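A.B. asks: One structure coming up, written as structure tokens, with questions to follow.
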Amino acid sequence: MRNPDVIVIGAGVIGTSVAYYLTERNYKVLLIDKGDAAVGTSSHCDAAAMLTDKQPGADAALGFSSIGHFVELSKNLSMDFEFAQTGSLYICETDFEYTVATDYVNSLRSEGYPVHMVDRKELAEREPYLTKDLTGGFWSDVCSQMNPYRLCFALIEEAKKKGLETAFYSPVLSMKREGEDYIVSTPAKEYRSKLVVNCAGIWAPHIGHMLGLSIPIFPRKGVILLTEKTFPLCRQKVQEYGYLVTKFHPEMERHLDPLIEDNNVSFTIEPTNDDNFLIGSSRNFVGYDNSVEPEIAQGIAKRALRFFPILKDINCIRAYSGLRPFVPDHLPIISPVDNLPGYYIAAGHEGDGISMAPITGILISQMVNNEKPDLALEPFRFSRFSDGSSRHI
Amino acid sequence: MKTTDDDLVICRCEEITLGEIRQAVRDGAREVSAVKRRTRAGMGLCQGRTCEPIIQGIIKQEIKALNETTGKLTARFPHRPVKFSVLGGMTDEES
């Protein structure tokens with residue numbers, strides 16, 4: 001077997017997308033993972049590709065572009081990954097939130113994105129089971145949902161038709177350079193190629209460390225509650241405005257029950273292709289431990305009841321948690337590495353991995369193929385951490 | 001109507017058959033959690049209580065390596081279905 005053109009490390013949403021878009025450009029790709037596909041973060045999350053949880057500027061541009069590519073993927077991939085463009089609704093609990101949200105919506109609209117404020121009446125029309133005491137919110141029709149691990153399987157299946165090879169249950173033990181080649185060692189075999197893409201998410205720092213790279217990605221846990229199969233509790237993804245606070249400004253006080261505030265709980269509910277609903281969310285830093293703290297589950301349930309009181313008699317059948325790959329400046333790393341020609345990083349999407357998977361795959365494949373990239377790459381470069389220009393948002 | 005044993009329902013909650021589970025192993029799954037992700041077996045109301053040991057046996061058969069480990073599904077909170085009113089700490093008056 002000849003050497004692959006590219007070795008992609010990590011078979012989550014990012015790695016499978018990178019592998020797919022590279023095979024589309026006729027690269028011979030080997031996709032390696034320490035487990036099966038989608039064994040990590042990509043199967044321990046909810047599953048939305050949204051515009052309205054992005055910050056205006058580079059973040060929103062990346063998200064919006066990616067959603068457009070999802071629509072194409074839903075047509076081009078033979079395996080169904082349950083993609084649905086149902087839109088998303090943000091809800092504001094207070095007049096103050098509504099005012100701040102109006103500024104946010106206006107800045108997205110000034111960049112040309114389709115999103116608008118909704119009043120109390122429209123909230124009730126869009127979501128009949130939502131509590132009636134809210135001021136309003138905002139809605140965007142481009143936001144969509146899917147099944148994230150089926151997305152990984154679908155991308156792999158399609159890429160295999162163009163020659164993708166996979167090596168699952170093959171943890172990378174070490175890496176080294178030999179001339180222009182990268183040698184990637186797994187328990188069973190050693191692989192060699194001139195191009196490597198590190199798509200290992202929360203494990204990207206461990207992979208990077210093997211070649212002396214210091215990649216600032218930290219696991220940020222989120223808990224999700226799964227309901228039993230039930231009637232349509234909601235029609236689309238619904239999130240409280242406080243979600244953007246917990247994501248970007250966890251230091252802000254929201255003056256809520258400590259069970260909710262201390263665990264950075266903010267409400268989100270999402271339908272799935274089956275009749276189960278996913279309810280979140282939380283954010284905390286506890287290293288790589290993905291066990292579920294019962295207090296966090298309780299906090300999420302409590303916050304969910306405030307917005308959807310109808311949940312009180314619905315059963316929660318499972319709680320699980322995922323580890324988001326957090327980067328301090330809230331932008332992913334989609335970049336070559338200065339003193340390692342042929343080495344690329346595509347990781348650090350914290351909470352936006354699903355939504356940014358297609359555009360990340362496209363940008364990496366454009367970089368590798370020396371094509372003009374679809375988006376300016378400057379905000380996502382790895383060197384921003386070493387030249388002092390990375391800023392905490 | 002002739003049926004093969006591929007049509008046997010293994011996961012009753014989600015109605016996943018022996019054939020689907022075997023295919024998942026052929027597609028690369030070597031542990032119960034990977035079969036679960038590929039087929040939905042173990043995602044239903046009983047969360048794998050009924051089907052997990054059977055799936056472990058099927059994986060072993062398919063990979064024909066009886067001393068390889070098949071892994072286990074992770075038992076997670078809540079260990080039985082719990083109403084949101086209980087989880088969210090509603091009092092008797094509220095619920």
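Letters for chains follow the order of the structure tokens (A, B, ...), residue numbers begin at 1 for each chain, and ligand numbers begin at 1 in the order shown.
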Set the cut-off to 9 Å and count only C-alpha atoms: what are the residues of chain B that reach chain A? Output as JSON, numbers by chain.
C.D. replies: {"B": [28, 29, 30, 31, 33, 34, 37, 38, 44, 45, 46, 47, 76, 77, 78, 79, 80, 81, 82, 83, 84, 85, 86, 87, 88, 89, 90, 95]}
A.B. asks: Taking 5 positions as the minimum chain separation for residues in the same chain, which residues sit within 8 Å of region 343-360 of chain A when counting only C-alpha atoms? Answer as a PyMOL selection string.
C.D. replies: chain A and resi 13-15+17-18+42+47-50+62-63+65-67+69-70+148+195-202+204+217+220+324-327+330-337+382
A.B. asks: Could you list, as JSON, numbers by chain, every residue within 9 Å of region 24-26 of chain A, counting only C-alpha atoms and ignoring same-chain residues fewer than 4 positions away?
C.D. replies: {"A": [19, 20, 159, 162, 163, 365, 369]}
A.B. asks: So which residues of region 6-79 of chain B fall under alpha helix (DSSP H) by DSSP, listed as a ChimeraX atom specification?
C.D. replies: /B:18-26,32-39,52-63
A.B. asks: Can you check which parts of region 126-227 of chain A lie within 10 Å of region 71-91 of chain A? Per residue, the shortest pair of atoms and distance in Å to one decimal, counting only C-alpha atoms, sorted by chain and number, as JSON lines.
C.D. replies:
{"residue": "A:Arg126", "atom": "CA", "partner": "A:Leu89", "partner_atom": "CA", "distance": 8.5}
{"residue": "A:Glu127", "atom": "CA", "partner": "A:Leu89", "partner_atom": "CA", "distance": 9.0}
{"residue": "A:Leu130", "atom": "CA", "partner": "A:Ile91", "partner_atom": "CA", "distance": 9.5}
{"residue": "A:Leu134", "atom": "CA", "partner": "A:Ile91", "partner_atom": "CA", "distance": 7.4}
{"residue": "A:Thr135", "atom": "CA", "partner": "A:Ile91", "partner_atom": "CA", "distance": 8.1}
{"residue": "A:Gly136", "atom": "CA", "partner": "A:Ile91", "partner_atom": "CA", "distance": 6.1}
{"residue": "A:Gly137", "atom": "CA", "partner": "A:Ile91", "partner_atom": "CA", "distance": 4.2}
{"residue": "A:Phe138", "atom": "CA", "partner": "A:Tyr90", "partner_atom": "CA", "distance": 5.2}
{"residue": "A:Trp139", "atom": "CA", "partner": "A:Leu89", "partner_atom": "CA", "distance": 4.6}
{"residue": "A:Ser140", "atom": "CA", "partner": "A:Gly87", "partner_atom": "CA", "distance": 5.6}
{"residue": "A:Asp141", "atom": "CA", "partner": "A:Gly87", "partner_atom": "CA", "distance": 4.1}
{"residue": "A:Val142", "atom": "CA", "partner": "A:Gly87", "partner_atom": "CA", "distance": 5.5}
{"residue": "A:Cys143", "atom": "CA", "partner": "A:Gly87", "partner_atom": "CA", "distance": 4.4}
{"residue": "A:Ser144", "atom": "CA", "partner": "A:Gln85", "partner_atom": "CA", "distance": 4.0}
{"residue": "A:Gln145", "atom": "CA", "partner": "A:Ala84", "partner_atom": "CA", "distance": 5.3}
{"residue": "A:Met146", "atom": "CA", "partner": "A:Phe83", "partner_atom": "CA", "distance": 4.2}
{"residue": "A:Asn147", "atom": "CA", "partner": "A:Phe81", "partner_atom": "CA", "distance": 5.5}
{"residue": "A:Pro148", "atom": "CA", "partner": "A:Phe81", "partner_atom": "CA", "distance": 7.4}
{"residue": "A:Tyr149", "atom": "CA", "partner": "A:Phe81", "partner_atom": "CA", "distance": 8.1}
{"residue": "A:Arg150", "atom": "CA", "partner": "A:Phe81", "partner_atom": "CA", "distance": 5.0}
{"residue": "A:Leu151", "atom": "CA", "partner": "A:Phe81", "partner_atom": "CA", "distance": 5.0}
{"residue": "A:Cys152", "atom": "CA", "partner": "A:Phe81", "partner_atom": "CA", "distance": 8.5}
{"residue": "A:Phe153", "atom": "CA", "partner": "A:Met79", "partner_atom": "CA", "distance": 7.8}
{"residue": "A:Ala154", "atom": "CA", "partner": "A:Met79", "partner_atom": "CA", "distance": 5.0}
{"residue": "A:Leu155", "atom": "CA", "partner": "A:Leu77", "partner_atom": "CA", "distance": 6.9}
{"residue": "A:Ile156", "atom": "CA", "partner": "A:Leu77", "partner_atom": "CA", "distance": 9.6}
{"residue": "A:Glu157", "atom": "CA", "partner": "A:Met79", "partner_atom": "CA", "distance": 7.5}
{"residue": "A:Glu158", "atom": "CA", "partner": "A:Leu77", "partner_atom": "CA", "distance": 6.2}
{"residue": "A:Ala159", "atom": "CA", "partner": "A:Leu77", "partner_atom": "CA", "distance": 9.4}
A.B. asks: Quick one: of A:Met210, A:Met117, A:Cys92, A:Val245, who's nearest to Val265 (chain A), counting only C-alpha atoms?
C.D. replies: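 Under the stated criterion, the closest residue is A:Val245.
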A.B. asks: Met43 (chain B): which residues within 8 Å, counting only C-alpha atoms, same-chain residues fewer than 4 positions away excluded, as a PyMOL selection string?
C.D. replies: chain B and resi 13-14+36+47-48
A.B. asks: Write the residues you've just listed into a file as a PDB file, in the first residue's frame, and include N, CA, C and O atoms for each of them.
C.D. replies:
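Now in selection-v1.pdb:
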ATOM      1  N   CYS B  13     -36.631  -1.764  22.203  1.00  0.00           N
ATOM      2  CA  CYS B  13     -37.083  -0.379  22.369  1.00  0.00           C
ATOM      3  C   CYS B  13     -37.006   0.403  21.061  1.00  0.00           C
ATOM      4  O   CYS B  13     -37.864   1.210  20.767  1.00  0.00           O
ATOM      5  N   GLU B  14     -35.957   0.189  20.312  1.00  0.00           N
ATOM      6  CA  GLU B  14     -35.771   0.927  19.061  1.00  0.00           C
ATOM      7  C   GLU B  14     -35.977   0.045  17.837  1.00  0.00           C
ATOM      8  O   GLU B  14     -35.825   0.494  16.701  1.00  0.00           O
ATOM      9  N   LYS B  36     -24.092   1.133  19.118  1.00  0.00           N
ATOM     10  CA  LYS B  36     -25.189   2.018  19.538  1.00  0.00           C
ATOM     11  C   LYS B  36     -25.237   3.260  18.654  1.00  0.00           C
ATOM     12  O   LYS B  36     -26.291   3.654  18.161  1.00  0.00           O
ATOM     13  N   GLN B  47     -32.458   1.897  27.793  1.00  0.00           N
ATOM     14  CA  GLN B  47     -31.046   2.291  27.736  1.00  0.00           C
ATOM     15  C   GLN B  47     -30.093   1.083  27.712  1.00  0.00           C
ATOM     16  O   GLN B  47     -29.057   1.073  28.364  1.00  0.00           O
ATOM     17  N   GLY B  48     -30.495   0.041  26.986  1.00  0.00           N
ATOM     18  CA  GLY B  48     -29.599  -1.087  26.784  1.00  0.00           C
ATOM     19  C   GLY B  48     -29.655  -2.176  27.835  1.00  0.00           C
ATOM     20  O   GLY B  48     -28.931  -3.159  27.757  1.00  0.00           O
TER      21      GLY B  48
END
A.B. asks: Using CA of Asp275 (chain A) and CA of Phe307 (chain A) as the two end points, give the distance in Å to one decimal.
C.D. replies: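 One can read the CA of Asp275 (chain A) to CA of Phe307 (chain A) distance as 19.6 Å.
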A.B. asks: Nearest to Asp6 (chain B) among B:Asp92, B:Asp27, B:Glu52, B:Glu20, with distances taken over only C-alpha atoms: which residue is it?
C.D. replies: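 So, comparing all the options, the nearest one is B:Glu20.
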A.B. asks: Pick out each residue of region 42-121 of chain A that DSSP on the backbone tags as strand (DSSP E or B); I need them as a list of chain:residue names.
C.D. replies: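 Taking region 42-121 of chain A and keeping strand (DSSP E or B) only, one gets A:Ala48, A:Ala49, A:Ala84, A:Ser88, A:Leu89, A:Tyr90, A:Ile91, A:Cys92, A:His116, A:Met117, A:Val118, A:Asp119.
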A.B. asks: Measure the distance from CA of Glu378 (chain A) to CA of Thr246 (chain A) in Å and round it to one decimal.
C.D. replies: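 So the two atoms, CA of Glu378 (chain A) and CA of Thr246 (chain A), lie 26.3 Å apart.
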A.B. asks: Using only C-alpha atoms for the distances, tell me which of A:Ile260, A:Ala61, A:Ile207, A:Val172 is nearest to Ile296 (chain A).
C.D. replies: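 The shortest atom-to-atom distance to Ile296 (chain A) comes from A:Ile260.
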A.B. asks: Would you work out the distance separating CA of Ser107 (chain A) from CA of His249 (chain A), expressed in Å to one decimal?
C.D. replies: 18.1 Å
